[in-house]
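Printed here is my_file-v1.txt (compact mmCIF, C-alpha atoms):
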```txt
# COMPACT_ATOMS: atom_id res chain seq x y z
CA MET A 1 63.08 134.84 194.52
CA ASN A 2 59.84 135.93 196.04
CA GLU A 3 58.29 133.43 198.47
CA TYR A 4 55.07 133.33 196.45
CA ILE A 5 56.68 132.39 193.15
CA PRO A 6 56.28 128.57 193.51
CA ALA A 7 52.64 129.01 194.52
CA ILE A 8 52.00 131.34 191.58
CA ILE A 9 53.67 129.03 189.09
CA TYR A 10 51.74 126.08 190.44
CA GLY A 11 48.43 127.98 190.34
CA VAL A 12 48.89 129.26 186.79
CA LEU A 13 50.04 125.91 185.44
CA PHE A 14 47.21 124.09 187.16
CA GLY A 15 44.58 126.57 185.93
CA THR A 16 45.79 126.35 182.34
CA ALA A 17 45.91 122.58 182.52
CA LEU A 18 42.38 122.54 183.91
CA ARG A 19 41.19 124.66 180.98
CA LEU A 20 42.86 122.26 178.59
CA PHE A 21 41.17 119.37 180.35
CA MET A 22 37.77 121.07 180.01
CA LEU A 23 38.40 121.85 176.36
CA ARG A 24 37.27 118.51 175.11
CA ILE A 25 37.67 118.09 171.42
CA ASP A 26 34.28 116.83 170.54
CA TYR A 27 33.18 116.07 167.01
CA ARG A 28 29.93 117.91 167.64
CA GLN A 29 31.34 120.98 169.27
CA TYR A 30 33.22 124.07 168.44
CA PRO A 31 36.22 124.52 168.64
CA THR A 32 37.31 121.52 166.66
CA TYR A 33 40.35 123.15 165.17
CA LEU A 34 43.69 124.36 166.31
CA HIS A 35 43.02 128.09 166.21
CA GLY A 36 39.90 127.86 168.32
CA ARG A 37 41.89 125.83 170.81
CA ILE A 38 44.67 128.41 170.98
CA ILE A 39 42.22 131.23 171.70
CA HIS A 40 40.66 129.33 174.55
CA LEU A 41 43.95 128.12 175.98
CA SER A 42 45.29 131.68 176.06
CA LEU A 43 42.16 132.93 177.75
CA GLY A 44 42.44 130.02 180.16
CA PHE A 45 46.00 131.11 180.95
CA ILE A 46 44.82 134.67 181.62
CA ALA A 47 42.02 133.36 183.84
CA ALA A 48 44.44 131.17 185.75
CA SER A 49 46.85 134.09 186.26
CA LEU A 50 44.08 136.32 187.55
CA GLY A 51 42.85 133.73 190.01
CA THR A 52 46.36 132.90 191.17
CA LEU A 53 47.56 136.45 191.73
CA ALA A 54 44.65 137.39 194.00
CA ILE A 55 46.00 135.62 197.09
CA PRO A 56 49.62 136.89 196.98
CA SER A 57 48.37 140.45 196.44
CA VAL A 58 46.14 140.22 199.50
CA MET A 59 49.06 138.81 201.50
CA GLU A 60 51.18 141.75 200.46
CA GLU A 61 48.37 144.06 201.63
CA GLN A 62 47.73 145.22 198.09
CA TYR A 63 43.99 145.03 198.64
CA THR A 64 43.02 147.14 195.66
CA ALA A 65 44.71 144.62 193.38
CA VAL A 66 41.73 142.35 193.90
CA THR A 67 39.62 144.73 191.82
CA PHE A 68 41.27 143.37 188.70
CA LEU A 69 38.98 140.38 189.11
CA THR A 70 36.19 142.68 187.92
CA ILE A 71 38.14 143.22 184.71
CA ALA A 72 38.20 139.47 184.39
CA ALA A 73 34.42 139.28 184.61
CA SER A 74 33.90 141.72 181.76
CA GLN A 75 36.68 140.10 179.79
CA PHE A 76 35.03 136.71 179.93
CA ARG A 77 31.59 138.05 179.19
CA GLU A 78 33.25 139.10 175.96
CA VAL A 79 34.23 135.46 175.39
CA ARG A 80 30.58 134.55 175.49
CA ASN A 81 29.73 137.23 172.94
CA MET A 82 32.56 136.13 170.73
CA GLU A 83 31.41 132.53 170.75
CA ARG A 84 27.81 133.51 170.19
CA ASN A 85 28.63 135.76 167.25
CA THR A 86 30.94 133.27 165.57
CA LEU A 87 28.52 130.40 165.91
CA ASN A 88 25.58 132.52 164.75
CA GLU A 89 27.49 133.56 161.67
CA MET A 90 28.41 129.98 160.86
CA ASP A 91 24.93 128.68 161.58
CA ALA A 92 23.44 130.38 158.53
CA PHE A 93 25.55 128.15 156.32
CA GLU A 94 24.78 124.84 157.99
CA LEU A 95 22.44 122.50 156.14
CA VAL A 96 20.89 121.65 159.47
CA PRO A 97 21.51 124.62 161.79
CA ARG A 98 22.35 124.34 165.48
CA GLY A 99 19.70 126.80 166.52
CA ASN A 100 19.98 129.71 168.94
CA THR A 101 19.35 127.71 172.11
CA TYR A 102 22.21 125.34 171.37
CA ILE A 103 24.54 128.22 170.50
CA GLU A 104 23.65 130.05 173.70
CA GLY A 105 24.33 126.87 175.66
CA ILE A 106 27.77 126.50 174.10
CA ALA A 107 28.58 130.19 174.64
CA ILE A 108 27.60 129.99 178.31
CA ALA A 109 29.74 126.88 178.75
CA PHE A 110 32.77 128.74 177.39
CA GLU A 111 32.25 131.69 179.73
CA SER A 112 31.58 129.63 182.81
CA ARG A 113 34.60 127.41 182.27
CA ASN A 114 36.85 130.43 182.54
CA TYR A 115 35.26 131.32 185.87
CA LEU A 116 35.80 127.75 187.00
CA VAL A 117 39.47 128.16 186.13
CA ILE A 118 39.70 131.43 188.13
CA ALA A 119 38.03 129.87 191.15
CA SER A 120 40.16 126.71 191.01
CA SER A 121 43.43 128.63 190.63
CA LEU A 122 42.48 130.87 193.53
CA LEU A 123 41.68 127.88 195.75
CA VAL A 124 44.80 125.97 194.80
CA THR A 125 47.10 128.95 195.32
CA SER A 126 45.60 129.81 198.68
CA PHE A 127 46.09 126.26 199.91
CA TYR A 128 49.66 126.34 198.60
CA VAL A 129 50.40 129.62 200.38
CA PHE A 130 48.65 128.89 203.69
CA ILE A 131 49.27 125.18 204.14
CA GLY A 132 51.76 123.75 201.67
CA TRP A 133 52.24 122.12 198.32
CA TYR A 134 50.72 118.78 199.41
CA ALA A 135 47.45 120.50 200.35
CA ALA A 136 47.49 122.24 196.96
CA VAL A 137 47.85 118.89 195.18
CA ILE A 138 44.88 117.43 197.08
CA VAL A 139 42.75 120.49 196.31
CA SER A 140 43.78 120.26 192.66
CA ILE A 141 42.45 116.72 192.44
CA ILE A 142 39.20 117.81 194.09
CA CYS A 143 38.96 120.70 191.59
CA ILE A 144 39.41 118.36 188.62
CA ILE A 145 36.68 116.07 189.89
CA GLY A 146 34.45 119.07 190.60
CA ALA A 147 35.01 120.46 187.11
CA GLN A 148 34.10 117.16 185.57
CA VAL A 149 30.86 116.98 187.57
CA LEU A 150 29.95 120.58 186.71
CA MET A 151 30.79 120.06 183.06
CA SER A 152 28.71 117.01 182.32
CA GLY A 153 25.09 117.95 182.01
CA SER A 154 22.30 115.50 181.45
CA SER A 155 21.78 113.80 178.12
CA LEU A 156 18.70 112.82 176.19
CA GLY A 157 19.20 109.12 176.90
CA LYS A 158 18.93 109.74 180.64
CA ILE A 159 15.57 111.49 180.55
CA THR A 160 13.80 109.70 177.71
CA GLU A 161 13.22 106.33 176.08
CA ILE A 162 14.37 106.25 172.46
CA GLU A 163 13.23 103.71 169.90
CA ARG A 164 13.22 103.24 166.15
CA ALA A 165 9.88 103.80 164.43
CA GLU A 166 8.61 103.12 160.94
CA LEU A 167 8.07 105.88 158.40
CA THR A 168 4.72 105.62 156.66
CA PHE A 169 2.67 107.66 154.22
CA LYS A 170 -1.05 108.09 154.58
CA GLY A 171 -1.97 109.81 151.34
CA ALA A 172 0.53 112.65 151.12
CA GLY A 173 1.06 112.82 154.88
CA LEU A 174 4.34 111.51 156.29
CA TYR A 175 4.08 109.84 159.68
CA VAL A 176 6.64 108.60 162.19
CA ASP A 177 4.70 105.96 164.08
CA SER A 178 1.46 107.87 164.67
CA ILE A 179 2.99 111.37 164.68
CA TYR A 180 2.29 113.53 161.65
CA ILE A 181 5.45 115.12 160.22
CA MET A 182 4.57 116.90 156.97
CA ASN A 183 2.84 116.75 153.63
CA ILE A 184 5.04 115.41 150.83
CA GLY A 185 3.21 115.61 147.53
CA LEU A 186 5.47 114.14 144.88
CA PRO A 187 5.60 110.33 144.62
CA GLU A 188 9.27 110.61 143.67
CA ARG A 189 10.10 112.43 146.94
CA GLN A 190 8.02 109.96 148.92
CA LYS A 191 10.06 107.12 147.47
CA GLU A 192 13.31 108.86 148.41
CA ILE A 193 12.08 109.45 151.92
CA LEU A 194 11.00 105.85 152.44
CA GLU A 195 14.31 104.64 151.05
CA TYR A 196 16.72 106.95 152.90
CA GLY A 197 14.70 108.20 155.85
CA MET A 198 14.78 107.03 159.44
CA GLY A 199 12.25 107.64 162.16
CA PHE A 200 12.56 107.62 165.94
CA ILE A 201 10.13 108.06 168.76
CA VAL A 202 11.43 109.78 171.89
CA THR A 203 9.20 109.16 174.88
CA PRO A 204 9.64 111.35 177.98
CA LYS A 205 10.24 109.47 181.24
CA SER A 206 8.52 112.06 183.40
CA PHE A 207 6.07 114.93 183.15
CA SER A 208 8.76 117.64 183.46
CA VAL A 209 10.71 116.15 180.59
CA ARG A 210 7.76 116.71 178.27
CA SER A 211 8.30 120.43 178.13
CA THR A 212 12.07 120.03 177.85
CA ILE A 213 11.89 117.95 174.69
CA ALA A 214 9.06 120.08 173.37
CA ASN A 215 11.41 123.08 173.36
CA LEU A 216 12.13 124.04 169.76
CA GLY A 217 15.79 124.75 170.53
CA GLN A 218 16.23 121.32 172.08
CA ARG A 219 14.61 119.72 169.07
CA GLN A 220 16.90 121.60 166.70
CA ALA A 221 19.89 120.46 168.76
CA ILE A 222 18.78 116.84 168.36
CA LEU A 223 18.50 117.27 164.58
CA HIS A 224 21.84 119.04 164.35
CA ASP A 225 23.73 116.40 166.32
CA LEU A 226 22.17 113.59 164.32
CA SER A 227 22.93 115.31 161.02
CA VAL A 228 26.51 116.10 161.93
CA THR A 229 27.31 112.51 162.84
CA LEU A 230 25.26 110.64 160.25
CA GLY A 231 25.41 113.15 157.40
CA VAL A 232 22.39 114.56 155.59
CA PHE A 233 20.71 113.48 152.40
CA ARG A 234 19.90 116.93 151.13
CA ASP A 235 21.21 120.06 149.47
CA SER A 236 20.36 123.72 149.73
CA GLY A 237 17.03 124.40 148.06
CA THR A 238 15.44 121.06 148.89
CA PRO A 239 13.16 121.95 151.77
CA ALA A 240 11.20 118.72 151.27
CA LEU A 241 14.24 116.80 152.54
CA VAL A 242 14.72 118.81 155.73
CA PRO A 243 14.83 116.67 158.88
CA LEU A 244 12.00 117.51 161.24
CA ILE A 245 10.72 116.79 164.73
CA LYS A 246 7.04 116.97 165.55
CA ARG A 247 5.25 116.42 168.79
CA ASP A 248 2.37 114.23 169.82
CA LEU A 249 0.13 116.61 171.71
CA ASN A 250 -1.60 113.83 173.66
CA ASP A 251 1.35 112.34 175.46
CA GLY A 252 4.33 114.64 174.77
CA ARG A 253 6.28 112.10 172.71
CA ILE A 254 8.29 113.51 169.85
CA GLY A 255 8.73 111.96 166.44
CA VAL A 256 12.17 112.46 164.90
CA PHE A 257 12.43 112.25 161.12
CA ILE A 258 15.90 112.35 159.57
CA LEU A 259 17.46 111.59 156.20
CA PRO A 260 20.97 110.39 157.02
CA GLN A 261 23.73 109.79 154.52
CA GLU A 262 24.69 106.71 156.45
CA LYS A 263 21.73 104.66 157.59
CA ASN A 264 23.23 103.11 160.68
CA LEU A 265 20.71 102.32 163.40
CA ASP A 266 23.16 101.71 166.25
CA THR A 267 25.09 104.93 165.65
CA ALA A 268 21.86 106.88 165.35
CA LEU A 269 20.51 105.51 168.63
CA SER A 270 23.75 106.18 170.50
CA VAL A 271 24.01 109.73 169.10
CA LEU A 272 20.41 110.41 170.10
CA ALA A 273 21.06 109.16 173.62
CA LYS A 274 24.10 111.45 173.91
CA VAL A 275 22.43 114.66 172.73
CA PRO A 276 23.01 117.15 175.55
CA VAL A 277 19.98 118.45 177.40
CA LEU A 278 20.25 122.19 176.89
CA GLU A 279 20.29 124.35 180.00
CA HIS A 280 17.77 126.74 178.55
CA ALA A 281 15.35 123.99 177.58
CA VAL A 282 15.11 122.45 181.03
CA GLN A 283 11.86 123.18 182.77
CA LYS A 284 10.58 121.74 185.97
CA PRO A 285 6.86 122.47 186.20
CA HIS A 286 6.62 120.24 189.29
CA PHE A 287 9.10 122.36 191.21
CA LYS A 288 7.34 125.53 190.18
CA LYS A 289 4.03 124.17 191.39
CA GLU A 290 5.48 123.23 194.77
CA ALA A 291 7.23 126.56 195.14
CA SER A 292 4.10 128.56 194.44
CA SER A 293 1.81 126.55 196.73
CA MET B 1 13.04 139.91 151.53
CA LYS B 2 12.39 136.66 153.33
CA MET B 3 9.02 135.05 152.72
CA GLU B 4 7.59 132.40 154.94
CA LYS B 5 4.63 130.11 154.36
CA VAL B 6 3.64 131.53 151.02
CA ILE B 7 1.82 129.66 148.27
CA LEU B 8 4.01 130.25 145.25
CA GLY B 9 1.82 128.46 142.78
CA ALA B 10 -0.79 125.78 142.22
CA VAL B 11 -0.60 122.87 139.79
CA THR B 12 -3.87 121.22 138.93
CA THR B 13 -5.73 119.10 136.44
CA GLU B 14 -9.03 120.65 137.48
CA LYS B 15 -9.35 124.26 136.45
CA SER B 16 -12.22 125.00 138.80
CA SER B 17 -10.36 123.98 141.95
CA VAL B 18 -8.13 127.07 142.13
CA GLN B 19 -9.13 130.69 141.84
CA GLY B 20 -7.68 133.98 142.95
CA GLY B 21 -4.23 135.56 142.92
CA THR B 22 -2.05 132.44 142.89
CA PRO B 23 -0.33 131.51 139.63
CA VAL B 24 -2.08 128.38 138.36
CA PHE B 25 -0.47 125.77 136.11
CA TYR B 26 -3.16 123.80 134.35
CA CYS B 27 -2.15 120.29 133.27
CA GLU B 28 -3.79 117.68 131.08
CA GLY B 29 -2.94 114.59 133.12
CA LYS B 30 -1.52 113.30 136.38
CA LYS B 31 1.95 112.60 134.89
CA GLU B 32 2.28 116.13 133.57
CA MET B 33 1.06 117.55 136.86
CA GLU B 34 3.67 115.61 138.83
CA SER B 35 6.55 116.58 136.57
CA ILE B 36 5.57 120.26 136.59
CA ALA B 37 5.20 120.18 140.37
CA ALA B 38 8.63 118.53 140.70
CA ASN B 39 10.21 121.13 138.43
CA LEU B 40 8.57 124.00 140.24
CA GLU B 41 9.67 122.56 143.56
CA ALA B 42 13.28 122.59 142.39
CA ILE B 43 13.09 126.02 140.76
CA LEU B 44 11.31 127.80 143.58
CA ASP B 45 13.04 126.04 146.51
CA GLY B 46 9.64 125.18 147.89
CA ILE B 47 7.82 122.00 148.79
CA ALA B 48 5.15 120.46 146.57
CA HIS B 49 2.25 119.56 148.84
CA ARG B 50 -0.62 117.42 147.62
CA LEU B 51 -4.01 118.67 148.74
CA THR B 52 -6.12 116.37 146.61
CA ASP B 53 -5.24 113.98 143.81
CA GLU B 54 -5.95 116.78 141.34
CA LEU B 55 -4.21 119.64 143.13
CA TYR B 56 -0.63 120.40 144.20
CA ILE B 57 0.51 123.62 145.80
CA ILE B 58 4.10 124.81 145.95
CA VAL B 59 4.78 126.37 149.33
CA LYS B 60 7.79 128.32 150.51
CA HIS B 61 8.51 127.38 154.14
```

Using structure tokens, write down the structure from this file.
Amino acid sequence: MNEYIPAIIYGVLFGTALRLFMLRIDYRQYPTYLHGRIIHLSLGFIAASLGTLAIPSVMEEQYTAVTFLTIAASQFREVRNMERNTLNEMDAFELVPRGNTYIEGIAIAFESRNYLVIASSLLVTSFYVFIGWYAAVIVSIICIIGAQVLMSGSSLGKITEIERAELTFKGAGLYVDSIYIMNIGLPERQKEILEYGMGFIVTPKSFSVRSTIANLGQRQAILHDLSVTLGVFRDSGTPALVPLIKRDLNDGRIGVFILPQEKNLDTALSVLAKVPVLEHAVQKPHFKKEASS
Amino acid sequence: MKMEKVILGAVTTEKSSVQGGTPVFYCEGKKEMESIAANLEAILDGIAHRLTDELYIIVKH
């Protein structure tokens, strides 16, 4: 048996396990089903193998072998495309779509997690080869903690204050608190909306957050998450019952209007607080100002 | 073809309030106007917006 075999087995197993650990089965996220999981586990296994094999090949003076890492990069860029295409295709049939920004965020997460697996496997194997199995175990634990930190982005509850607000009609205009949502003409529809609708006001905690929650993709993500968990009171061809978010131009608050199937205030508030802040929506005007001055 | 923000029709009890190329549905009373607007909303997959008490427009968003 080759002297590197234990290190390689450890590295590959650890990498695959790490991918499994990062593949949280979340009710809001794709993949929710077995086949999606198998695809990502297999790719995770490939990523782990690539990362693991780099060190033994260098030790054996097979320097050119390292170039296969470049194949890995293009391979996993393909993962991102695959995710993006699938989700885009599905999005057209959602009653409340995810929106492109959310999809891009998910696709990026899938790609980057594979790179995390490569890097972790490489680290773990090198510690195994150069120091010993105990060092590899310690590094593995550090990698798991690191992956968890890198994986958990911010959520809406951390950057904003969320509260319930009343839905009111002034003439035909629907308002959440003082934020105008849309014009609903028919009295029948107005009645439905007052009966089934819920309104929330999301107030930004800082100036930078204003532009983040103003982002249309972020707003769509909020609506999608709420609709997926609470259900929607609508069907195709009823645009008057589409959930909407509008913005107060004076202070950057946003008014969320939804028509849930299940009108549960506590669930709604906790889902709102857990909506992920999308990478592409984050803007930090303060930092930009300081950098340019 | 995908149309956005188009007025598909107007429903009114006041003939003089709408002119031009939009299809106009003239109604005798408020009840009739509301039921026609509701039907058109369902048929055309649009939203019935109320501009004044005498005038609804059906808009495709």

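Separating CA of Leu87 in chain A from CA of Met198 in chain A is a distance of 27.9 Å.
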
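Counting from CA of Val209 in chain A, the distance to CA of Ala165 in chain A is 20.4 Å.
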
As an MDAnalysis selection string, could you give me every residue of chain B near chain A (at most 9 Å apart, counting all atoms listed in the file)? chainID B and resid 34:35 37:38 41:52 56:57 60:61

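Interatomic distance, CA of Ile46 in chain A against CA of Ala147 in chain A: 18.1 Å.
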
Range 1-10 of chain A environment, 8 Å, all atoms listed in the file, sequence neighbours closer than 4 positions dropped, as number ranges by chain: A: 14, 49, 52-53, 56, 125, 128-129, 133

Surrounding residues of Ala214 in chain A excluding itself and chain neighbours under 3 positions, 8 Å, only C-alpha atoms, as a PyMOL selection string: chain A and resi 210-211+218-219+247+252+254

Gly199 in chain A: which residues within 12 Å, counting only C-alpha atoms, same-chain residues fewer than 5 positions away excluded, as a ChimeraX atom specification? /A:162-168,174-181,193-194,223,226,243-246,254-260,263-265,268-269,272

Show me, as a CSV table (one decimal) with C-alpha atoms, keeping the file's coordinate frame, the residues that have an atom within 10 Å of Glu94 in chain A when counting all atoms listed in the file, minus same-chain residues fewer than 3 positions from it.
```csv
chain,number,residue,atom,x,y,z
A,89,GLU,CA,27.5,133.6,161.7
A,90,MET,CA,28.4,130.0,160.9
A,91,ASP,CA,24.9,128.7,161.6
A,97,PRO,CA,21.5,124.6,161.8
A,98,ARG,CA,22.4,124.3,165.5
A,224,HIS,CA,21.8,119.0,164.4
A,228,VAL,CA,26.5,116.1,161.9
A,236,SER,CA,20.4,123.7,149.7
```

Could you please give me, as a CSV table (one decimal) with C-alpha atoms, keeping the file's coordinate frame, the residues of protein, DNA or RNA lying at most 7 Å from (4.2, 126.8, 152.6) in the coordinate frame of the file, considering only C-alpha atoms?
```csv
chain,number,residue,atom,x,y,z
B,4,GLU,CA,7.6,132.4,154.9
B,5,LYS,CA,4.6,130.1,154.4
B,6,VAL,CA,3.6,131.5,151.0
B,7,ILE,CA,1.8,129.7,148.3
B,58,ILE,CA,4.1,124.8,146.0
B,59,VAL,CA,4.8,126.4,149.3
B,60,LYS,CA,7.8,128.3,150.5
B,61,HIS,CA,8.5,127.4,154.1
```

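Nearest residue to Glu279 in chain A, choosing from A:Leu122, A:Ile103, A:Ile71, A:Ala48 and counting all atoms listed in the file: A:Ile103.
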
Polymer residues at most 12 Å from (-3.9, 135.1, 142.3) by only C-alpha atoms, as number ranges by chain: B: 7-10, 18-25

Give me the residues near Asn81 in chain A as a list in words, where near means some atom within 8 Å (using all atoms listed in the file) and where sequence neighbours in that chain fewer than 4 positions away do not count. Arg77, Asn85 and Ala107 of chain A
